[in-house]
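> See my_file05.cif below, with mmCIF, C-alpha atoms.
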```cif
data_run
loop_
_atom_site.label_atom_id
_atom_site.label_comp_id
_atom_site.auth_asym_id
_atom_site.auth_seq_id
_atom_site.Cartn_x
_atom_site.Cartn_y
_atom_site.Cartn_z
CA LEU A 1 52.38 58.55 130.65
CA HIS A 2 51.99 61.23 128.00
CA ALA A 3 51.29 64.74 129.33
CA ALA A 4 47.85 64.85 127.66
CA ILE A 5 46.87 61.58 129.36
CA MET A 6 48.09 62.82 132.74
CA ALA A 7 46.17 66.07 132.23
CA ASN A 8 42.93 64.28 131.40
CA LEU A 9 43.37 61.99 134.39
CA GLY A 10 43.70 65.22 136.36
CA ARG A 11 40.37 66.37 134.90
CA PHE A 12 38.92 62.96 135.82
CA SER A 13 40.11 63.53 139.39
CA ASN A 14 38.05 66.77 139.35
CA LEU A 15 35.01 64.78 138.29
CA LEU A 16 35.49 62.14 141.00
CA ASN A 17 36.17 64.85 143.57
CA ASP A 18 32.89 66.60 142.75
CA TYR A 19 30.95 63.34 142.98
CA GLU A 20 32.67 62.34 146.22
CA ASN A 21 32.10 65.80 147.66
CA ALA A 22 28.33 65.45 147.30
CA ILE A 23 28.36 62.13 149.17
CA ARG A 24 30.79 63.09 151.95
CA ILE A 25 29.22 66.41 152.95
CA GLY A 26 28.15 66.16 156.57
CA GLY A 27 30.68 63.50 157.49
CA ASN A 28 29.26 60.60 155.49
CA LYS A 29 31.65 57.81 154.54
CA LEU A 30 32.26 56.96 150.90
CA ARG A 31 32.22 53.26 150.08
CA TRP A 32 32.70 52.23 146.47
CA ASN A 33 29.87 49.71 146.55
CA ASN A 34 27.42 48.92 143.73
CA SER A 35 25.09 51.73 144.77
CA ASN A 36 27.73 54.46 144.62
CA LEU A 37 29.26 53.07 141.42
CA ARG A 38 25.80 53.10 139.86
CA GLY A 39 25.37 56.67 141.05
CA LEU A 40 28.70 57.59 139.46
CA MET A 41 27.53 56.06 136.18
CA TRP A 42 24.39 58.23 136.24
CA TYR A 43 26.55 61.24 137.11
CA PHE A 44 28.59 60.51 133.97
CA ASN A 45 25.57 60.07 131.75
CA LEU A 46 23.37 62.91 132.96
CA TYR A 47 25.87 65.60 133.82
CA ALA A 48 29.58 64.97 133.48
CA THR A 49 29.74 64.23 129.75
CA THR A 50 28.89 67.86 128.95
CA ALA A 51 30.15 69.62 132.07
CA TYR A 52 33.86 68.72 132.04
CA GLU A 53 36.19 69.92 129.31
CA GLU A 54 39.53 68.39 128.42
CA GLN A 55 42.46 69.57 130.48
CA SER A 56 45.41 71.08 128.61
CA GLY A 57 48.46 68.82 128.79
CA GLU A 58 50.74 71.74 129.51
CA ASP A 59 50.50 75.28 130.83
CA ILE A 60 49.31 77.05 127.67
CA ARG A 61 50.64 80.43 128.76
CA GLY A 62 53.26 81.38 126.19
CA ILE A 63 53.25 78.28 123.97
CA ASP A 64 53.97 79.17 120.32
CA SER A 65 51.22 77.21 118.61
CA VAL A 66 47.63 77.35 117.40
CA GLN A 67 45.43 76.77 120.41
CA ILE A 68 41.75 75.83 120.37
CA THR A 69 40.14 76.74 123.67
CA THR A 70 36.83 77.67 125.20
CA ILE A 71 36.33 81.30 126.22
CA HIS A 72 36.47 80.31 129.88
CA GLN A 73 39.84 78.63 129.36
CA ALA A 74 41.13 81.75 127.61
CA LYS A 75 40.51 84.10 130.54
CA GLY A 76 43.67 85.97 131.45
CA LEU A 77 45.49 84.91 128.25
CA GLU A 78 46.26 86.78 125.04
CA TRP A 79 47.31 85.86 121.50
CA ALA A 80 48.46 87.78 118.44
CA VAL A 81 45.49 86.57 116.38
CA VAL A 82 42.17 85.32 117.73
CA PHE A 83 39.36 83.70 115.71
CA ILE A 84 35.84 83.63 117.15
CA PRO A 85 33.58 81.49 114.91
CA ALA A 86 29.85 80.68 114.91
CA LEU A 87 28.66 84.18 115.76
CA VAL A 88 25.07 83.47 114.72
CA HIS A 89 21.72 83.84 116.40
CA GLY A 90 21.13 80.95 118.81
CA ARG A 91 24.81 80.12 119.22
CA PHE A 92 26.23 83.27 120.76
CA PRO A 93 24.29 84.43 122.67
CA SER A 94 22.96 80.98 123.40
CA SER A 95 19.43 79.97 122.49
CA HIS A 96 19.07 78.81 126.12
CA MET A 97 19.63 82.31 127.44
CA ASN A 98 17.05 83.42 130.03
CA GLU A 99 15.84 79.85 130.49
CA GLN A 100 15.54 78.59 134.04
CA LYS A 101 17.92 75.74 134.72
CA LYS A 102 16.41 72.54 136.00
CA TRP A 103 17.77 71.38 139.34
CA LEU A 104 17.31 68.23 141.38
CA ILE A 105 16.36 70.30 144.43
CA SER A 106 13.82 73.10 144.80
CA ARG A 107 14.92 76.49 143.46
CA THR A 108 13.65 78.02 146.70
CA LEU A 109 16.46 76.37 148.68
CA PHE A 110 19.25 78.45 147.11
CA PRO A 111 19.64 81.59 144.94
CA ALA A 112 18.88 79.73 141.69
CA ASP A 113 18.52 82.91 139.61
CA ARG A 114 22.23 83.53 140.09
CA TYR A 115 23.02 80.44 137.99
CA ASP A 116 20.59 81.11 135.15
CA SER A 117 22.26 82.38 131.98
CA LYS A 118 21.26 85.97 131.25
CA GLU A 119 22.12 88.26 128.37
CA ASP A 120 24.49 90.30 130.54
CA ASP A 121 26.39 87.10 131.39
CA GLU A 122 26.67 86.20 127.69
CA ARG A 123 27.72 89.76 126.88
CA ARG A 124 30.49 89.66 129.48
CA LEU A 125 31.69 86.37 128.03
CA PHE A 126 31.74 87.93 124.55
CA TYR A 127 33.79 90.81 125.94
CA VAL A 128 36.32 88.32 127.34
CA ALA A 129 36.55 86.64 123.93
CA VAL A 130 37.10 89.78 121.86
CA THR A 131 39.70 91.19 124.24
CA ARG A 132 42.04 88.19 123.94
CA ALA A 133 43.58 89.48 120.68
CA LYS A 134 46.68 91.68 120.77
CA SER A 135 46.88 92.42 117.05
CA THR A 136 44.10 90.89 114.95
CA LEU A 137 40.61 89.71 115.83
CA VAL A 138 38.62 87.67 113.29
CA LEU A 139 34.87 87.38 113.89
CA SER A 140 32.90 85.00 111.69
CA GLY A 141 29.56 83.29 111.31
CA PHE A 142 27.69 81.18 108.76
CA ARG A 143 24.49 81.60 106.75
CA ARG A 144 23.04 78.13 107.15
CA ILE A 145 23.60 74.54 108.23
CA ARG A 146 20.19 72.93 107.79
CA VAL A 147 18.23 76.13 108.19
CA LYS A 148 19.08 79.73 107.52
CA LYS A 149 20.88 81.52 110.35
CA SER A 150 20.99 85.24 111.08
CA MET A 151 23.93 87.16 112.48
CA SER A 152 24.54 87.25 116.24
CA LYS A 153 23.21 90.41 117.86
CA PHE A 154 26.62 90.83 119.53
CA LEU A 155 28.33 90.83 116.14
CA LYS A 156 25.80 93.30 114.76
CA GLU A 157 26.42 95.64 117.66
CA THR A 158 30.18 95.31 117.24
CA LEU A 159 30.00 96.19 113.54
CA THR A 160 27.72 99.15 114.25
CA ASP A 161 29.80 100.57 117.10
CA ASN A 162 33.21 100.15 115.39
CA PRO A 163 32.75 101.00 111.69
CA LYS A 164 36.28 102.37 111.29
CA VAL A 165 38.02 99.59 113.19
CA ILE A 166 36.30 96.47 111.90
CA GLN A 167 36.48 95.55 108.24
CA SER A 168 34.02 93.18 106.56
CA VAL A 169 35.63 90.57 104.30
CA ASP A 170 34.09 88.49 101.52
CA PRO A 171 34.33 84.84 102.70
CA LYS A 172 35.24 83.75 99.14
CA CYS A 173 38.24 86.05 99.13
CA ASN A 174 41.67 84.70 100.08
CA ARG A 175 43.29 86.99 102.60
CA ILE A 176 46.59 87.13 104.43
CA ILE A 177 46.28 88.37 107.99
CA ASP A 178 48.71 91.20 108.61
CA VAL A 179 49.87 90.84 112.20
CA ASP A 180 51.34 93.79 114.04
CA MET A 181 54.51 92.02 115.17
CA GLU A 182 55.53 94.83 117.51
CA SER A 183 52.40 94.36 119.62
CA SER A 184 52.53 90.58 119.53
CA ARG A 185 56.20 89.71 119.72
CA GLY A 186 57.11 86.32 121.18
CA SER A 187 55.93 84.92 124.42
CA GLU A 188 58.93 86.29 126.30
CA ASN A 189 57.19 89.69 126.39
CA GLU A 190 53.78 88.44 127.46
CA ILE A 191 52.48 89.13 130.95
CA TYR A 192 51.19 86.16 132.94
CA THR A 193 49.61 86.10 136.38
CA PHE A 194 50.80 83.90 139.24
CA ASP A 195 49.53 83.73 142.79
CA ALA A 196 52.16 84.01 145.52
CA GLY A 197 50.93 80.66 146.83
CA GLU A 198 51.76 79.08 143.45
CA ILE A 199 55.33 80.33 143.72
CA VAL A 200 55.65 78.89 147.24
CA ASP A 201 54.23 75.55 146.09
CA TYR A 202 56.78 75.42 143.27
CA THR A 203 59.57 75.65 145.86
CA LYS A 204 58.15 72.57 147.61
CA CYS A 205 58.45 70.47 144.47
CA PRO A 206 58.16 71.52 140.80
CA TYR A 207 56.50 68.20 139.92
CA PHE A 208 53.92 68.78 142.66
CA TYR A 209 53.28 72.17 141.03
CA ARG A 210 52.74 70.47 137.66
CA LEU A 211 50.26 67.97 139.10
CA ARG A 212 48.26 70.64 140.93
CA TYR A 213 48.37 73.75 138.74
CA VAL A 214 49.05 72.45 135.22
CA TRP A 215 47.28 69.09 135.22
CA GLY A 216 44.64 70.03 137.80
CA TYR A 217 44.81 67.09 140.22
CA ASN A 218 42.68 67.57 143.32
CA ALA A 219 43.84 66.79 146.82
CA PRO A 220 42.08 63.77 148.39
CA LEU A 221 39.07 64.61 150.55
CA ASN A 222 39.40 63.84 154.24
CA GLU A 223 37.53 64.65 157.42
CA GLU A 224 39.95 67.40 158.48
CA LEU A 225 39.95 69.16 155.12
CA GLY A 226 39.12 72.83 155.58
CA TYR A 227 40.40 73.07 159.16
CA GLY A 228 43.09 75.62 158.28
CA ASN A 229 40.69 77.75 156.23
CA ALA A 230 38.08 77.64 159.01
CA LEU A 231 40.68 78.69 161.57
CA HIS A 232 41.84 81.55 159.31
CA TYR A 233 38.30 82.75 158.72
CA CYS A 234 37.41 82.67 162.41
CA LEU A 235 40.52 84.70 163.22
CA ARG A 236 39.44 87.22 160.60
CA ARG A 237 35.97 87.38 162.19
CA VAL A 238 37.54 87.90 165.63
CA VAL A 239 39.35 90.98 164.31
CA GLU A 240 36.18 92.32 162.68
CA LEU A 241 34.06 91.72 165.79
CA HIS A 242 36.69 93.27 168.05
CA ARG A 243 36.57 96.41 165.88
CA LYS A 244 32.81 96.51 166.45
CA GLY A 245 33.31 96.58 170.22
CA TYR A 246 33.20 92.90 171.19
CA ASN A 247 35.60 91.91 173.95
CA PRO A 248 38.16 89.28 172.81
CA LEU A 249 36.45 86.33 174.56
CA SER A 250 33.02 87.17 173.12
CA ALA A 251 34.50 87.71 169.67
CA ILE A 252 36.16 84.29 169.70
CA LEU A 253 33.05 82.47 170.92
CA GLU A 254 30.87 84.28 168.38
CA ALA A 255 33.24 83.47 165.52
CA ILE A 256 33.72 79.81 166.47
CA ASN A 257 30.03 79.12 167.10
CA ASN A 258 28.79 80.79 163.92
CA ASP A 259 31.60 80.50 161.39
CA PHE A 260 33.65 77.36 162.11
CA HIS A 261 32.62 74.66 159.67
CA LEU A 262 34.21 71.39 158.55
CA PRO A 263 32.17 70.03 155.64
CA TYR A 264 33.49 66.44 155.71
CA ALA A 265 33.82 65.77 159.44
CA PRO A 266 31.19 63.76 161.35
CA GLU A 267 29.50 65.70 164.12
CA PHE A 268 31.53 64.31 167.03
CA LYS A 269 34.86 64.99 165.29
CA ALA A 270 33.77 68.44 164.11
CA GLU A 271 32.86 69.34 167.70
CA LYS A 272 36.23 68.12 168.94
CA MET A 273 38.09 70.16 166.33
CA LYS A 274 35.92 73.19 167.06
CA LYS A 275 37.06 73.01 170.70
CA SER A 276 40.66 72.75 169.51
CA ALA A 277 40.23 75.82 167.30
CA GLU A 278 38.66 77.76 170.17
CA ARG A 279 41.63 76.96 172.41
CA ILE A 280 44.14 77.93 169.72
CA LEU A 281 42.43 81.27 169.08
CA MET A 282 42.13 81.97 172.83
CA ASP A 283 45.86 81.41 173.32
CA TYR A 284 46.82 83.56 170.33
CA VAL A 285 44.45 86.47 171.01
CA ILE A 286 45.24 86.70 174.73
CA GLU A 287 48.97 86.76 173.99
CA ASN A 288 48.69 89.21 171.08
CA LEU A 289 45.77 91.46 172.04
CA ASP A 290 47.66 94.66 171.13
CA ASP A 291 48.26 93.27 167.63
CA ILE A 292 44.58 92.39 167.23
CA SER A 293 43.66 95.95 168.20
CA SER A 294 46.18 97.41 165.71
CA VAL A 295 45.12 95.48 162.60
CA ALA A 296 44.68 97.93 159.71
CA GLU A 297 43.69 95.49 156.97
CA VAL A 298 42.47 91.89 156.90
CA GLU A 299 42.96 89.59 153.87
CA TYR A 300 44.20 92.52 151.83
CA ARG A 301 44.34 91.67 148.12
CA LEU A 302 47.23 92.98 146.07
CA GLU A 303 48.97 92.49 142.75
CA PHE A 304 52.25 93.84 141.48
CA PRO A 305 54.47 93.38 138.41
CA ARG A 306 57.56 91.19 138.45
CA LYS A 307 59.64 90.19 135.38
CA ASN A 308 56.99 89.90 132.63
CA SER A 309 54.53 88.56 135.20
CA THR A 310 52.00 89.79 137.70
CA ILE A 311 52.12 88.35 141.21
CA THR A 312 48.86 88.37 143.12
CA GLY A 313 48.19 87.54 146.74
CA LYS A 314 46.06 88.02 149.82
CA VAL A 315 47.87 89.35 152.89
CA ASP A 316 46.40 87.81 156.03
CA VAL A 317 46.79 90.98 158.11
CA ILE A 318 48.53 94.34 157.91
CA ILE A 319 49.31 95.68 161.39
CA ASP A 320 49.63 99.42 161.89
CA ARG A 321 52.72 100.29 163.94
CA ASP A 322 52.12 104.07 163.67
CA GLU A 323 55.16 105.03 161.56
CA PHE A 324 55.29 101.74 159.61
CA VAL A 325 53.32 98.56 159.00
CA GLU A 326 53.95 94.89 159.70
CA VAL A 327 52.97 92.10 157.32
CA ARG A 328 51.76 88.95 159.07
CA GLU A 329 50.91 85.56 157.64
CA TYR A 330 48.96 82.90 159.53
CA LYS A 331 49.62 79.19 159.03
CA THR A 332 48.03 76.29 160.86
CA SER A 333 51.40 74.58 161.40
CA THR A 334 54.87 74.06 159.92
CA LYS A 335 53.92 70.56 158.79
CA VAL A 336 53.23 71.26 155.10
CA THR A 337 54.62 74.75 154.46
CA LYS A 338 58.04 75.24 156.02
CA PRO A 339 59.22 78.51 157.64
CA ASP A 340 61.56 79.43 154.77
CA GLN A 341 58.68 79.04 152.31
CA VAL A 342 56.36 81.17 154.47
CA ALA A 343 59.15 83.74 154.72
CA LEU A 344 59.31 83.95 150.92
CA GLN A 345 55.55 84.56 150.80
CA VAL A 346 55.75 87.34 153.42
CA LYS A 347 58.64 89.00 151.56
CA LEU A 348 56.71 88.92 148.29
CA TYR A 349 53.80 90.60 150.05
CA ALA A 350 56.17 93.19 151.52
CA LEU A 351 57.49 93.90 148.01
CA GLY A 352 53.95 94.30 146.68
CA LEU A 353 52.84 96.55 149.52
CA GLY A 354 55.98 98.65 149.05
CA LYS A 355 54.91 99.23 145.44
CA LEU A 356 51.59 100.52 146.80
CA GLY A 357 53.28 103.04 149.09
CA TYR A 358 53.23 101.12 152.36
CA ASN A 359 56.26 101.52 154.63
CA VAL A 360 56.80 97.84 155.49
CA ARG A 361 59.50 97.41 158.13
CA LYS A 362 58.44 94.22 159.90
CA GLY A 363 57.27 90.79 158.84
CA SER A 364 56.06 87.83 160.85
CA ALA A 365 54.51 84.39 160.57
CA VAL A 366 52.29 82.77 163.19
CA TYR A 367 51.91 78.97 163.38
CA LEU A 368 48.62 78.78 165.22
CA SER A 369 48.54 75.10 166.24
CA GLU A 370 52.05 75.34 167.64
CA GLY A 371 51.58 78.74 169.27
CA VAL A 372 54.77 80.02 167.66
CA MET A 373 55.49 83.39 166.08
CA GLU A 374 58.56 83.93 163.92
CA HIS A 375 59.88 87.30 162.85
CA ILE A 376 60.86 87.64 159.19
CA ASP A 377 63.44 90.08 157.86
CA VAL A 378 62.03 92.53 155.31
CA ASP A 379 65.08 94.77 154.92
CA ASN A 380 66.27 95.72 151.42
CA LYS A 381 68.81 92.90 151.24
CA SER A 382 66.22 90.25 152.15
CA LEU A 383 63.62 91.64 149.77
CA ASN A 384 66.11 91.86 146.89
CA TYR A 385 67.04 88.22 147.42
CA ALA A 386 63.35 87.22 147.51
CA LYS A 387 62.72 89.22 144.34
CA THR A 388 65.59 87.52 142.48
CA TYR A 389 64.53 84.08 143.73
CA ALA A 390 60.90 84.62 142.72
CA GLU A 391 61.91 85.85 139.27
CA GLN A 392 63.98 82.70 138.74
CA ILE A 393 60.99 80.57 139.76
CA LEU A 394 58.75 82.45 137.32
CA THR A 395 61.31 81.87 134.56
CA ASP A 396 61.44 78.15 135.38
CA ILE A 397 57.63 77.91 135.33
CA ARG A 398 57.46 79.71 131.97
CA ASN A 399 60.13 77.32 130.65
CA GLN A 400 58.09 74.40 132.05
CA LYS A 401 60.80 73.02 134.31
CA TYR A 402 59.03 70.50 136.51
CA GLU A 403 61.80 68.28 137.86
CA PRO A 404 60.81 66.44 141.05
CA LYS A 405 62.38 67.45 144.34
CA LEU A 406 62.63 64.36 146.51
CA GLY A 407 62.77 65.01 150.24
CA ASN A 408 60.75 65.38 153.42
CA PHE A 409 57.86 67.04 151.59
CA CYS A 410 57.14 63.73 149.83
CA GLU A 411 55.67 62.37 153.09
CA GLU A 412 53.13 65.24 153.23
CA CYS A 413 52.44 65.50 149.49
CA ASP A 414 48.80 65.05 148.47
CA TYR A 415 49.93 63.02 145.46
CA ARG A 416 52.46 60.68 147.08
CA ASN A 417 50.37 57.61 146.20
CA ILE A 418 50.31 58.39 142.48
CA CYS A 419 53.66 60.13 142.02
CA LYS A 420 56.03 57.91 140.02
CA TRP A 421 59.05 59.62 141.55
CA ALA A 422 57.95 59.09 145.14
CA LYS A 423 57.06 55.45 144.45
CA SER A 424 60.24 54.56 142.62
CA GLY A 425 62.55 56.76 144.65
CA GLU A 426 64.37 57.74 141.46
#
```
Can the structure in the file be given as structure tokens, please?

Amino acid sequence: LHAAIMANLGRFSNLLNDYENAIRIGGNKLRWNNSNLRGLMWYFNLYATTAYEEQSGEDIRGIDSVQITTIHQAKGLEWAVVFIPALVHGRFPSSHMNEQKKWLISRTLFPADRYDSKEDDERRLFYVAVTRAKSTLVLSGFRRIRVKKSMSKFLKETLTDNPKVIQSVDPKCNRIIDVDMESSRGSENEIYTFDAGEIVDYTKCPYFYRLRYVWGYNAPLNEELGYGNALHYCLRRVVELHRKGYNPLSAILEAINNDFHLPYAPEFKAEKMKKSAERILMDYVIENLDDISSVAEVEYRLEFPRKNSTITGKVDVIIDRDEFVEVREYKTSTKVTKPDQVALQVKLYALGLGKLGYNVRKGSAVYLSEGVMEHIDVDNKSLNYAKTYAEQILTDIRNQKYEPKLGNFCEECDYRNICKWAKSGE
């Protein structure tokens, strides 16, 4: 199928996932009977038709073309020339600003004010829009459609605050936009942001990467979904509670009882998996109590430059070894992400932390379900290899190389039932 069709099917999978999510919360089963299909139809008609935008057929970072996007889609991207039209009163900011949204449940049941559009929200969105241009920004409005329209207050403020920078142009006048080519030279010089997890997923299979990150296909919902995240979060809470003076056993019980949650599991299965998580954390903490006591940072966010890109990530824990630090990554098991892929992730984190002044001399990965810890080399030779490998992956992503990689990962792939390569075996 054409890339645009595949992308919009990916967007449709988002829609179905959201609808299914609402039904399956709490462990309910989804059966595509007349009732649920009717509900899906109402979801289309009353909400989805205006809430879901088209999905771009390709990763639009760096494509040399005219692109029409929403402001939300443009976040994190830049172009030589940006046009922002319809800057009139009632359009931007929206005429619905400061209105209370109508919900199907009582506003007292959740922080509803957080989701109401306010002027500050619209102003931040305007800031995102006007900062997408590297060389030339064109702001425009119109005087009337059926009725007369006044200028957007944001545009008025912009003209007032920047009289020497912004030039008003007669709309009847033909004008050639003079682009500063030095500041907007080809896409090879543009900086794009990639999460370390994206890079690891690309090593599993480039076509898997395309389905997930470019076309936006969701993983199927199942009862165990969220187990790994819940286990990670509870381990984080154990560290935090231990710092506050809890003994290890109390910290584990407190974290499991209050913070372990599986949204799609029925009660009996959730309880069984909670017991499993408790056992796993008990085994790990008892065996590694000194490490728990030496944790300096938990889920430490970092970003660092790498070959016309920025790599971001979240280090599970940084362990203080007095004269140096150790980077440690937690995984539920080796089933989906293999040790060599986890090692790449740890080495990328070690590179990033090194840029921030950390003396990283040890790396490790813990596979919690299996009770296994593996040490990972973070010497200069290993890090240089990881750096070169990651840069090649980033180049391949920018060049949109998405060839399938057939192998053992196909059995664990979330998309094995729709992947043409896995089905045909080509």
> Quick one: everything within 9 Å of Gln341 of chain A, counting only C-alpha atoms, minus sequence neighbours fewer than 3 positions away in the same chain. Send it as a ChimeraX atom specification.
/A:200-201,203-204,337-338,344-346
> Quick one: apply the PyMOL selection byres ((chain A and resi 381-395) around 12) to the file and drop the selected residues here as a PyMOL selection string.
chain A and resi 61-62+187-188+191-206+209+304-311+340-354+360-363+376-380+396-402
> Please provide the set of residues having any atom within 12 Å of segment 257-265 of chain A, restricted to all atoms listed in the file, with same-chain residues fewer than 6 positions apart removed, written as number ranges by chain.
A: 20-30, 220-238, 250-251, 271-278, 281
> Using only C-alpha atoms, please write the residues we just selected to a file, as a PDB file, in the frame of the given file.

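Done, and the output landed in result_11.pdb:
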```
ATOM      1  CA  GLU A  20      32.670  62.340 146.220  1.00  0.00           C
ATOM      2  CA  ASN A  21      32.100  65.800 147.660  1.00  0.00           C
ATOM      3  CA  ALA A  22      28.330  65.450 147.300  1.00  0.00           C
ATOM      4  CA  ILE A  23      28.360  62.130 149.170  1.00  0.00           C
ATOM      5  CA  ARG A  24      30.790  63.090 151.950  1.00  0.00           C
ATOM      6  CA  ILE A  25      29.220  66.410 152.950  1.00  0.00           C
ATOM      7  CA  GLY A  26      28.150  66.160 156.570  1.00  0.00           C
ATOM      8  CA  GLY A  27      30.680  63.500 157.490  1.00  0.00           C
ATOM      9  CA  ASN A  28      29.260  60.600 155.490  1.00  0.00           C
ATOM     10  CA  LYS A  29      31.650  57.810 154.540  1.00  0.00           C
ATOM     11  CA  LEU A  30      32.260  56.960 150.900  1.00  0.00           C
ATOM     12  CA  PRO A 220      42.080  63.770 148.390  1.00  0.00           C
ATOM     13  CA  LEU A 221      39.070  64.610 150.550  1.00  0.00           C
ATOM     14  CA  ASN A 222      39.400  63.840 154.240  1.00  0.00           C
ATOM     15  CA  GLU A 223      37.530  64.650 157.420  1.00  0.00           C
ATOM     16  CA  GLU A 224      39.950  67.400 158.480  1.00  0.00           C
ATOM     17  CA  LEU A 225      39.950  69.160 155.120  1.00  0.00           C
ATOM     18  CA  GLY A 226      39.120  72.830 155.580  1.00  0.00           C
ATOM     19  CA  TYR A 227      40.400  73.070 159.160  1.00  0.00           C
ATOM     20  CA  GLY A 228      43.090  75.620 158.280  1.00  0.00           C
ATOM     21  CA  ASN A 229      40.690  77.750 156.230  1.00  0.00           C
ATOM     22  CA  ALA A 230      38.080  77.640 159.010  1.00  0.00           C
ATOM     23  CA  LEU A 231      40.680  78.690 161.570  1.00  0.00           C
ATOM     24  CA  HIS A 232      41.840  81.550 159.310  1.00  0.00           C
ATOM     25  CA  TYR A 233      38.300  82.750 158.720  1.00  0.00           C
ATOM     26  CA  CYS A 234      37.410  82.670 162.410  1.00  0.00           C
ATOM     27  CA  LEU A 235      40.520  84.700 163.220  1.00  0.00           C
ATOM     28  CA  ARG A 236      39.440  87.220 160.600  1.00  0.00           C
ATOM     29  CA  ARG A 237      35.970  87.380 162.190  1.00  0.00           C
ATOM     30  CA  VAL A 238      37.540  87.900 165.630  1.00  0.00           C
ATOM     31  CA  SER A 250      33.020  87.170 173.120  1.00  0.00           C
ATOM     32  CA  ALA A 251      34.500  87.710 169.670  1.00  0.00           C
ATOM     33  CA  GLU A 271      32.860  69.340 167.700  1.00  0.00           C
ATOM     34  CA  LYS A 272      36.230  68.120 168.940  1.00  0.00           C
ATOM     35  CA  MET A 273      38.090  70.160 166.330  1.00  0.00           C
ATOM     36  CA  LYS A 274      35.920  73.190 167.060  1.00  0.00           C
ATOM     37  CA  LYS A 275      37.060  73.010 170.700  1.00  0.00           C
ATOM     38  CA  SER A 276      40.660  72.750 169.510  1.00  0.00           C
ATOM     39  CA  ALA A 277      40.230  75.820 167.300  1.00  0.00           C
ATOM     40  CA  GLU A 278      38.660  77.760 170.170  1.00  0.00           C
ATOM     41  CA  LEU A 281      42.430  81.270 169.080  1.00  0.00           C
TER      42      LEU A 281
END
```
> If you measure from atom CA of Ser294 of chain A to atom CA of Asp322 of chain A, what distance in Å do you get, rounded to one decimal?
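About the pair atom CA of Ser294 of chain A and atom CA of Asp322 of chain A: they are 9.2 Å apart.
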> Quick one: distance from atom CA of Leu406 of chain A to atom CA of Gly371 of chain A in Å, one decimal?
29.1 Å
> Which residues come within 6 Å of Tyr217 of chain A, counting all atoms listed in the file, excluding same-chain residues fewer than 6 positions away, as a list in words?
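Contacts, in chain order: Gly10, Ser13 and Leu211 of chain A.
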> Here is a test: counting only C-alpha atoms, which residue of A:Thr332, A:Asn218, A:Asn247, A:Ser369 is nearest to Tyr415 of chain A?
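Going through A:Thr332, A:Asn218, A:Asn247, A:Ser369 one by one, the smallest distance to Tyr415 of chain A is for A:Asn218.
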> Where does the PyMOL selection byres ((chain A and resi 297) around 6) land in this file, that is, which residues does it pick, as a list in words?
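Here the PyMOL selection byres ((chain A and resi 297) around 6) matches Val295, Ala296, Val298, Tyr300, Val317 and Ile318 of chain A.
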> Looking at all atoms listed in the file, which of A:Pro404, A:Ile256, A:Thr108, A:Phe409 is the one that sits closest to Arg210 of chain A?
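Closest to Arg210 of chain A of all the choices is A:Pro404.
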> Which residues, written as a VMD selection string, have at least one atom at most 6 Å from segment 69-81 of chain A, with all atoms listed in the file counted and residues fewer than 4 positions away on the same chain left out?
chain A and resid 129 132 to 137 184
> Nearest to Asp291 of chain A among A:Ser364, A:Ser106, A:Ser35, A:Asn98, with distances taken over all atoms listed in the file: which residue is it?
A:Ser364
> A:Ile418, A:Val66, A:Val239, A:Ile84: which is nearest Glu254 of chain A, counting only C-alpha atoms?
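The closest residue to Glu254 of chain A is A:Val239.
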> Can you tell me, as a PyMOL selection string, what residues are no more than 9 Å from segment 118-124 of chain A when counting only C-alpha atoms, ignoring any on the same chain fewer than 3 positions away?
chain A and resi 92-94+97-99+115+127-129+154
> Could you list, as a ChimeraX atom specification, every residue matched by the PyMOL selection byres ((chain A and resi 48-52) around 10) in this structure?
/A:11-12,14-16,18-19,40-47,53-55
